[in-house]
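Here is the structure we will look at.
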Amino acid sequence: MKSWTTSDGNKIIQVLSGRSNVILLTNGRSHILIDTSPGYIWNTLQKRLKKLRVEEIKLLILTHSHFDHAANARKIKERYNARVVIHRSEAKYLTTGDNILPTGTNPLSRFLVRVFAKQFDSYARYEPCTFDYIIDDTFNLTGFGFNAYLMHTPGHTAGSVSLIIDNEAAIVGDTMVGIFPWTILPPFASDTAQLINSWEKLLKTGCQIFIPSHGLAIKRARVKKHSTRF
């Protein structure tokens with residue numbers, strides 16, 4: 001499992017990779033999980049957390065409510081006694097298990113949305129989950145033992161959020177992707193202009209590494225390079 005450690009000693013562990021990255025933030029005493037992966041990954045996720053000796057999770061942060069980020073939220077809440085954090089505009093989807101239909105950002109993804117919208121809607125439904133905390137613009141995590149905060153970074157969805165840790169590393173959900181060598185723009189986004197503004201907000205934090213939910217971690221210089229192309 002790939003990991004990063006901040007200067008303050010907080011450890012960021014990529015618990016799952018592949019279909020969707022799941023990230024654990026830990027200081028050795030408390031654990032915060034970011035996103036959950038699709039429903040069919042549940043058994044693998046449990047095994048990985050067991051290997052890390054995680055028996056309780058203080059917070060489950062959902063970067064947004066798409067099925068590949070939130071489908072196991074209810075199971076995690078019940079199994080690990082986690083309190084769930086989500087942006088206000090995404091909360092209604094989490095509590096009903098509905099998936100926000102994405103919009104394509106390139107010809108291929110726009111075609112896929114247009115042709116397979118109905119099938120996707122049925123496939124992407126997941127088990128509803130109640131939330132414990134709502135974020136609007138920011139949400140401070142110092143009360144949970146971490147020098148970290150959540151920041152609203154809309155664009156992929158209206159309620160996408162990113163987690164800033166020690167102003168050194170950011171866990172950014174689908175606000176950017178590390179899949180393609182030529183771009184960090186996700187193939188699906190509700191508002192591309194908002195997304196680019198969110199990149200600028202993230203660059204202002206001073207973070208040097210940006211960990212997306214899909215693909216590899218992205219260095220600051222690459223974010224700066226791509227943000228100037230739009």
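We label chains A, B, ... in the order they appear in the structure tokens, count residues from 1 in each chain, and number ligands from 1 in the order shown.
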Sorted per-residue table, stretch 20-122 of chain A near stretch 137-151 of chain A, closest atoms and distance, 12 Å, only C-alpha atoms, as JSON lines:
{"residue": "A:Leu25", "atom": "CA", "partner": "A:Phe146", "partner_atom": "CA", "distance": 9.0}
{"residue": "A:Thr26", "atom": "CA", "partner": "A:Phe146", "partner_atom": "CA", "distance": 8.6}
{"residue": "A:Asn27", "atom": "CA", "partner": "A:Phe146", "partner_atom": "CA", "distance": 7.6}
{"residue": "A:Gly28", "atom": "CA", "partner": "A:Gly145", "partner_atom": "CA", "distance": 10.5}
{"residue": "A:Arg29", "atom": "CA", "partner": "A:Gly145", "partner_atom": "CA", "distance": 8.8}
{"residue": "A:Ser30", "atom": "CA", "partner": "A:Gly145", "partner_atom": "CA", "distance": 7.2}
{"residue": "A:His31", "atom": "CA", "partner": "A:Phe144", "partner_atom": "CA", "distance": 9.2}
{"residue": "A:Ile32", "atom": "CA", "partner": "A:Phe144", "partner_atom": "CA", "distance": 9.0}
{"residue": "A:Ile34", "atom": "CA", "partner": "A:Leu150", "partner_atom": "CA", "distance": 11.1}
{"residue": "A:Ile57", "atom": "CA", "partner": "A:Phe144", "partner_atom": "CA", "distance": 11.0}
{"residue": "A:Lys58", "atom": "CA", "partner": "A:Phe144", "partner_atom": "CA", "distance": 7.6}
{"residue": "A:Leu59", "atom": "CA", "partner": "A:Phe144", "partner_atom": "CA", "distance": 8.5}
{"residue": "A:Leu60", "atom": "CA", "partner": "A:Phe144", "partner_atom": "CA", "distance": 12.0}
{"residue": "A:Ile61", "atom": "CA", "partner": "A:Leu150", "partner_atom": "CA", "distance": 9.0}
{"residue": "A:Leu62", "atom": "CA", "partner": "A:Leu150", "partner_atom": "CA", "distance": 10.4}
{"residue": "A:Thr63", "atom": "CA", "partner": "A:Leu150", "partner_atom": "CA", "distance": 9.2}
{"residue": "A:Arg83", "atom": "CA", "partner": "A:Phe144", "partner_atom": "CA", "distance": 11.3}
{"residue": "A:Val85", "atom": "CA", "partner": "A:Phe139", "partner_atom": "CA", "distance": 9.2}
{"residue": "A:Ile86", "atom": "CA", "partner": "A:Leu150", "partner_atom": "CA", "distance": 9.8}
{"residue": "A:His87", "atom": "CA", "partner": "A:Asp137", "partner_atom": "CA", "distance": 8.5}
{"residue": "A:Arg88", "atom": "CA", "partner": "A:Asp137", "partner_atom": "CA", "distance": 9.5}
{"residue": "A:Ser89", "atom": "CA", "partner": "A:Asp137", "partner_atom": "CA", "distance": 11.2}
Selection export as a PDB file, in the first residue's frame, atoms kept: N, CA and C atoms:
ATOM      1  N   LEU A  25      -6.308   8.317   6.567  1.00  0.00           N
ATOM      2  CA  LEU A  25      -5.469   9.296   7.264  1.00  0.00           C
ATOM      3  C   LEU A  25      -5.377   8.870   8.712  1.00  0.00           C
ATOM      4  N   THR A  26      -4.147   8.707   9.217  1.00  0.00           N
ATOM      5  CA  THR A  26      -3.980   8.245  10.594  1.00  0.00           C
ATOM      6  C   THR A  26      -2.822   8.961  11.282  1.00  0.00           C
ATOM      7  N   ASN A  27      -2.979   9.176  12.587  1.00  0.00           N
ATOM      8  CA  ASN A  27      -1.879   9.696  13.401  1.00  0.00           C
ATOM      9  C   ASN A  27      -1.386   8.640  14.384  1.00  0.00           C
ATOM     10  N   GLY A  28      -1.817   7.394  14.171  1.00  0.00           N
ATOM     11  CA  GLY A  28      -1.434   6.293  15.039  1.00  0.00           C
ATOM     12  C   GLY A  28      -2.433   6.040  16.148  1.00  0.00           C
ATOM     13  N   ARG A  29      -3.290   7.032  16.417  1.00  0.00           N
ATOM     14  CA  ARG A  29      -4.296   6.898  17.466  1.00  0.00           C
ATOM     15  C   ARG A  29      -5.714   6.972  16.890  1.00  0.00           C
ATOM     16  N   SER A  30      -5.897   7.869  15.945  1.00  0.00           N
ATOM     17  CA  SER A  30      -7.207   8.068  15.333  1.00  0.00           C
ATOM     18  C   SER A  30      -7.108   7.840  13.823  1.00  0.00           C
ATOM     19  N   HIS A  31      -8.225   7.370  13.255  1.00  0.00           N
ATOM     20  CA  HIS A  31      -8.252   7.072  11.821  1.00  0.00           C
ATOM     21  C   HIS A  31      -9.412   7.802  11.148  1.00  0.00           C
ATOM     22  N   ILE A  32      -9.131   8.346   9.975  1.00  0.00           N
ATOM     23  CA  ILE A  32     -10.150   8.950   9.127  1.00  0.00           C
ATOM     24  C   ILE A  32     -10.068   8.273   7.766  1.00  0.00           C
ATOM     25  N   ILE A  34     -11.268   8.197   3.757  1.00  0.00           N
ATOM     26  CA  ILE A  34     -11.778   9.069   2.702  1.00  0.00           C
ATOM     27  C   ILE A  34     -12.267   8.209   1.550  1.00  0.00           C
ATOM     28  N   ILE A  57     -13.156   3.828  13.119  1.00  0.00           N
ATOM     29  CA  ILE A  57     -12.887   4.970  12.253  1.00  0.00           C
ATOM     30  C   ILE A  57     -13.655   6.175  12.796  1.00  0.00           C
ATOM     31  N   LYS A  58     -12.918   7.244  13.112  1.00  0.00           N
ATOM     32  CA  LYS A  58     -13.583   8.427  13.677  1.00  0.00           C
ATOM     33  C   LYS A  58     -14.513   9.086  12.669  1.00  0.00           C
ATOM     34  N   LEU A  59     -13.989   9.289  11.456  1.00  0.00           N
ATOM     35  CA  LEU A  59     -14.766   9.964  10.428  1.00  0.00           C
ATOM     36  C   LEU A  59     -14.658   9.215   9.105  1.00  0.00           C
ATOM     37  N   LEU A  60     -15.759   9.188   8.386  1.00  0.00           N
ATOM     38  CA  LEU A  60     -15.753   8.786   6.985  1.00  0.00           C
ATOM     39  C   LEU A  60     -16.080  10.036   6.186  1.00  0.00           C
ATOM     40  N   ILE A  61     -15.111  10.500   5.413  1.00  0.00           N
ATOM     41  CA  ILE A  61     -15.294  11.681   4.576  1.00  0.00           C
ATOM     42  C   ILE A  61     -15.615  11.226   3.163  1.00  0.00           C
ATOM     43  N   LEU A  62     -16.701  11.726   2.623  1.00  0.00           N
ATOM     44  CA  LEU A  62     -17.076  11.424   1.243  1.00  0.00           C
ATOM     45  C   LEU A  62     -16.769  12.644   0.383  1.00  0.00           C
ATOM     46  N   THR A  63     -15.849  12.490  -0.564  1.00  0.00           N
ATOM     47  CA  THR A  63     -15.495  13.625  -1.412  1.00  0.00           C
ATOM     48  C   THR A  63     -16.668  14.038  -2.287  1.00  0.00           C
ATOM     49  N   ARG A  83     -18.494   8.331  11.864  1.00  0.00           N
ATOM     50  CA  ARG A  83     -19.404   9.436  11.616  1.00  0.00           C
ATOM     51  C   ARG A  83     -19.137   9.971  10.210  1.00  0.00           C
ATOM     52  N   VAL A  85     -19.228  12.446   6.924  1.00  0.00           N
ATOM     53  CA  VAL A  85     -19.163  13.858   6.549  1.00  0.00           C
ATOM     54  C   VAL A  85     -19.396  13.978   5.049  1.00  0.00           C
ATOM     55  N   ILE A  86     -20.272  14.901   4.646  1.00  0.00           N
ATOM     56  CA  ILE A  86     -20.544  15.126   3.233  1.00  0.00           C
ATOM     57  C   ILE A  86     -20.976  16.571   3.025  1.00  0.00           C
ATOM     58  N   HIS A  87     -20.809  17.069   1.811  1.00  0.00           N
ATOM     59  CA  HIS A  87     -21.234  18.430   1.514  1.00  0.00           C
ATOM     60  C   HIS A  87     -22.757  18.517   1.484  1.00  0.00           C
ATOM     61  N   ARG A  88     -23.271  19.670   1.845  1.00  0.00           N
ATOM     62  CA  ARG A  88     -24.714  19.868   1.943  1.00  0.00           C
ATOM     63  C   ARG A  88     -25.438  19.502   0.639  1.00  0.00           C
ATOM     64  N   SER A  89     -24.889  19.881  -0.499  1.00  0.00           N
ATOM     65  CA  SER A  89     -25.581  19.650  -1.761  1.00  0.00           C
ATOM     66  C   SER A  89     -25.539  18.188  -2.211  1.00  0.00           C
TER      67      SER A  89
END
**Request:** Run DSSP on the backbone of this structure and report the residues of stretch 51-216 of chain A it assigns to helix (DSSP H, G or I), as a PyMOL selection string.
**Result:** chain A and resi 51+67-70+73-80+88-96+107-123+142-144+192-203
Would you mind exporting the chosen residues as a compact mmCIF listing (two decimals), in the first residue's frame, restricted to C-alpha atoms?
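Full text of result_39.txt as output:
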# COMPACT_ATOMS: atom_id res chain seq x y z
CA LYS A 51 -4.30 -5.70 7.93
CA PHE A 67 -21.49 5.25 -6.20
CA ASP A 68 -17.77 4.50 -6.57
CA HIS A 69 -17.07 6.82 -3.62
CA ALA A 70 -20.06 6.30 -1.33
CA ALA A 73 -20.77 4.26 3.44
CA ARG A 74 -23.53 2.56 5.41
CA LYS A 75 -21.45 -0.58 5.98
CA ILE A 76 -18.47 1.47 7.18
CA LYS A 77 -20.67 3.56 9.46
CA GLU A 78 -22.11 0.42 11.08
CA ARG A 79 -18.96 -1.76 11.14
CA TYR A 80 -16.44 0.87 12.31
CA ARG A 88 -24.71 19.87 1.94
CA SER A 89 -25.58 19.65 -1.76
CA GLU A 90 -24.65 15.94 -1.89
CA ALA A 91 -26.45 14.86 1.28
CA LYS A 92 -29.80 14.15 -0.37
CA TYR A 93 -28.18 11.69 -2.78
CA LEU A 94 -26.41 9.84 0.02
CA THR A 95 -29.62 9.44 2.02
CA THR A 96 -31.51 8.01 -0.96
CA PRO A 107 -16.61 13.72 -27.00
CA LEU A 108 -16.28 10.11 -25.84
CA SER A 109 -17.56 10.68 -22.30
CA ARG A 110 -20.42 12.85 -23.59
CA PHE A 111 -21.39 10.04 -25.97
CA LEU A 112 -21.33 7.48 -23.14
CA VAL A 113 -23.58 9.62 -20.95
CA ARG A 114 -26.02 10.24 -23.80
CA VAL A 115 -26.29 6.59 -24.84
CA PHE A 116 -26.08 4.78 -21.50
CA ALA A 117 -27.72 7.25 -19.10
CA LYS A 118 -30.67 5.02 -18.16
CA GLN A 119 -28.57 1.88 -17.70
CA PHE A 120 -26.03 3.79 -15.64
CA ASP A 121 -28.70 5.20 -13.35
CA SER A 122 -29.91 1.70 -12.49
CA TYR A 123 -26.40 0.25 -12.09
CA THR A 142 -8.46 19.86 14.57
CA GLY A 143 -11.10 18.62 17.00
CA PHE A 144 -10.49 15.12 15.68
CA THR A 192 -15.62 22.57 -16.05
CA ALA A 193 -15.18 26.27 -15.25
CA GLN A 194 -15.89 25.59 -11.56
CA LEU A 195 -13.45 22.70 -11.67
CA ILE A 196 -10.63 24.88 -12.93
CA ASN A 197 -11.41 27.46 -10.22
CA SER A 198 -11.13 24.64 -7.69
CA TRP A 199 -7.65 23.79 -9.01
CA GLU A 200 -6.68 27.40 -8.31
CA LYS A 201 -8.10 27.16 -4.78
CA LEU A 202 -6.11 24.00 -4.18
CA LEU A 203 -2.89 25.60 -5.44
**Request:** Assign secondary structure with DSSP using the backbone only, and return the residues of stretch 19-223 of chain A in strand (DSSP E) as an NGL selection string.
**Result:** :A and (22-26 or 31-34 or 59-61 or 83-87 or 133-135 or 138-140 or 148-152 or 161-165 or 169-173 or 209-212 or 218-219)
Residues from last step as file, C-alpha atoms, as a tab-separated table (two decimals), in the first residue's frame:
chain	number	residue	atom	x	y	z
A	22	VAL	CA	-9.64	4.68	-0.81
A	23	ILE	CA	-7.42	6.69	1.51
A	24	LEU	CA	-6.77	6.34	5.24
A	25	LEU	CA	-5.47	9.30	7.26
A	26	THR	CA	-3.98	8.25	10.59
A	31	HIS	CA	-8.25	7.07	11.82
A	32	ILE	CA	-10.15	8.95	9.13
A	33	LEU	CA	-11.25	7.20	5.94
A	34	ILE	CA	-11.78	9.07	2.70
A	59	LEU	CA	-14.77	9.96	10.43
A	60	LEU	CA	-15.75	8.79	6.99
A	61	ILE	CA	-15.29	11.68	4.58
A	83	ARG	CA	-19.40	9.44	11.62
A	84	VAL	CA	-20.08	10.48	8.03
A	85	VAL	CA	-19.16	13.86	6.55
A	86	ILE	CA	-20.54	15.13	3.23
A	87	HIS	CA	-21.23	18.43	1.51
A	133	TYR	CA	-21.78	16.27	9.65
A	134	ILE	CA	-22.51	18.69	6.81
A	135	ILE	CA	-19.88	20.85	5.13
A	138	THR	CA	-14.92	24.43	5.10
A	139	PHE	CA	-14.85	21.88	7.92
A	140	ASN	CA	-12.01	21.89	10.45
A	148	ALA	CA	-6.43	19.28	8.48
A	149	TYR	CA	-9.59	20.74	7.01
A	150	LEU	CA	-12.11	20.06	4.27
A	151	MET	CA	-12.57	22.60	1.52
A	152	HIS	CA	-15.41	22.89	-0.99
A	161	VAL	CA	-14.78	18.49	-1.39
A	162	SER	CA	-11.03	18.07	-0.85
A	163	LEU	CA	-9.11	17.30	2.35
A	164	ILE	CA	-6.07	19.49	3.07
A	165	ILE	CA	-3.54	17.90	5.45
A	169	ALA	CA	-0.97	17.08	0.85
A	170	ALA	CA	-4.50	17.22	-0.53
A	171	ILE	CA	-6.90	14.34	-1.09
A	172	VAL	CA	-8.98	15.67	-3.96
A	173	GLY	CA	-11.53	13.03	-4.98
A	209	ILE	CA	1.01	16.63	-3.69
A	210	PHE	CA	-2.57	16.01	-4.77
A	211	ILE	CA	-4.00	12.51	-4.32
A	212	PRO	CA	-6.98	11.79	-6.58
A	218	ILE	CA	-0.16	14.48	-8.94
A	219	LYS	CA	2.65	16.91	-8.18
**Residue with smallest distance to A:Leu52 - pool A:Asn21, A:Met1, A:Asp35, A:Ala189, counting only C-alpha atoms** = A:Met1
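In this model, the gap between atom CA of A:Arg125 and atom CA of A:Ala217 comes to 28.3 Å.
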**Request:** Report the distance between atom CA of A:Asp136 and atom CA of A:Lys225 in Å, rounded to one decimal place.
**Result:**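 These atoms are spaced 28.8 Å apart.
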**Prompt:** Any idea what's packed within 6 Å of A:Met176, counting only C-alpha atoms, ignoring anything in its chain fewer than 5 positions away? Could you give it as a list in words?
**Reply:**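 My list of contacting residues is Ile184, Leu185 and Pro186 of chain A.
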For the residues in the current selection, export N, CA and C atoms as a compact mmCIF listing (two decimals), in the first residue's frame.
# COMPACT_ATOMS: atom_id res chain seq x y z
N ILE A 184 -5.15 16.46 -16.35
CA ILE A 184 -5.67 16.10 -15.03
C ILE A 184 -7.18 16.30 -14.99
N LEU A 185 -7.76 16.70 -16.13
CA LEU A 185 -9.20 16.94 -16.21
C LEU A 185 -9.96 15.62 -16.19
N PRO A 186 -10.89 15.44 -15.24
CA PRO A 186 -11.66 14.19 -15.22
C PRO A 186 -12.55 14.08 -16.45
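By only C-alpha atoms, and with residues fewer than 5 positions from stretch 14-19 of chain A along its chain excluded, the set lying at most 8 Å from it is Met1, Lys2, Ser3, Leu24, Ser37, Leu45, Arg48, Leu49, Asp68, His214 and Gly215 of chain A.
If you measure from each of A:Ser190, A:Asn167, A:Thr105, A:Thr228 to A:Lys204 using only C-alpha atoms, the closest one turns out to be A:Asn167.
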**Message:** Calculated over only C-alpha atoms, which of the candidates A:Gly178, A:Asn72, A:Pro128, A:Phe188 has the smallest distance to A:Leu101?
**Reply:** A:Phe188
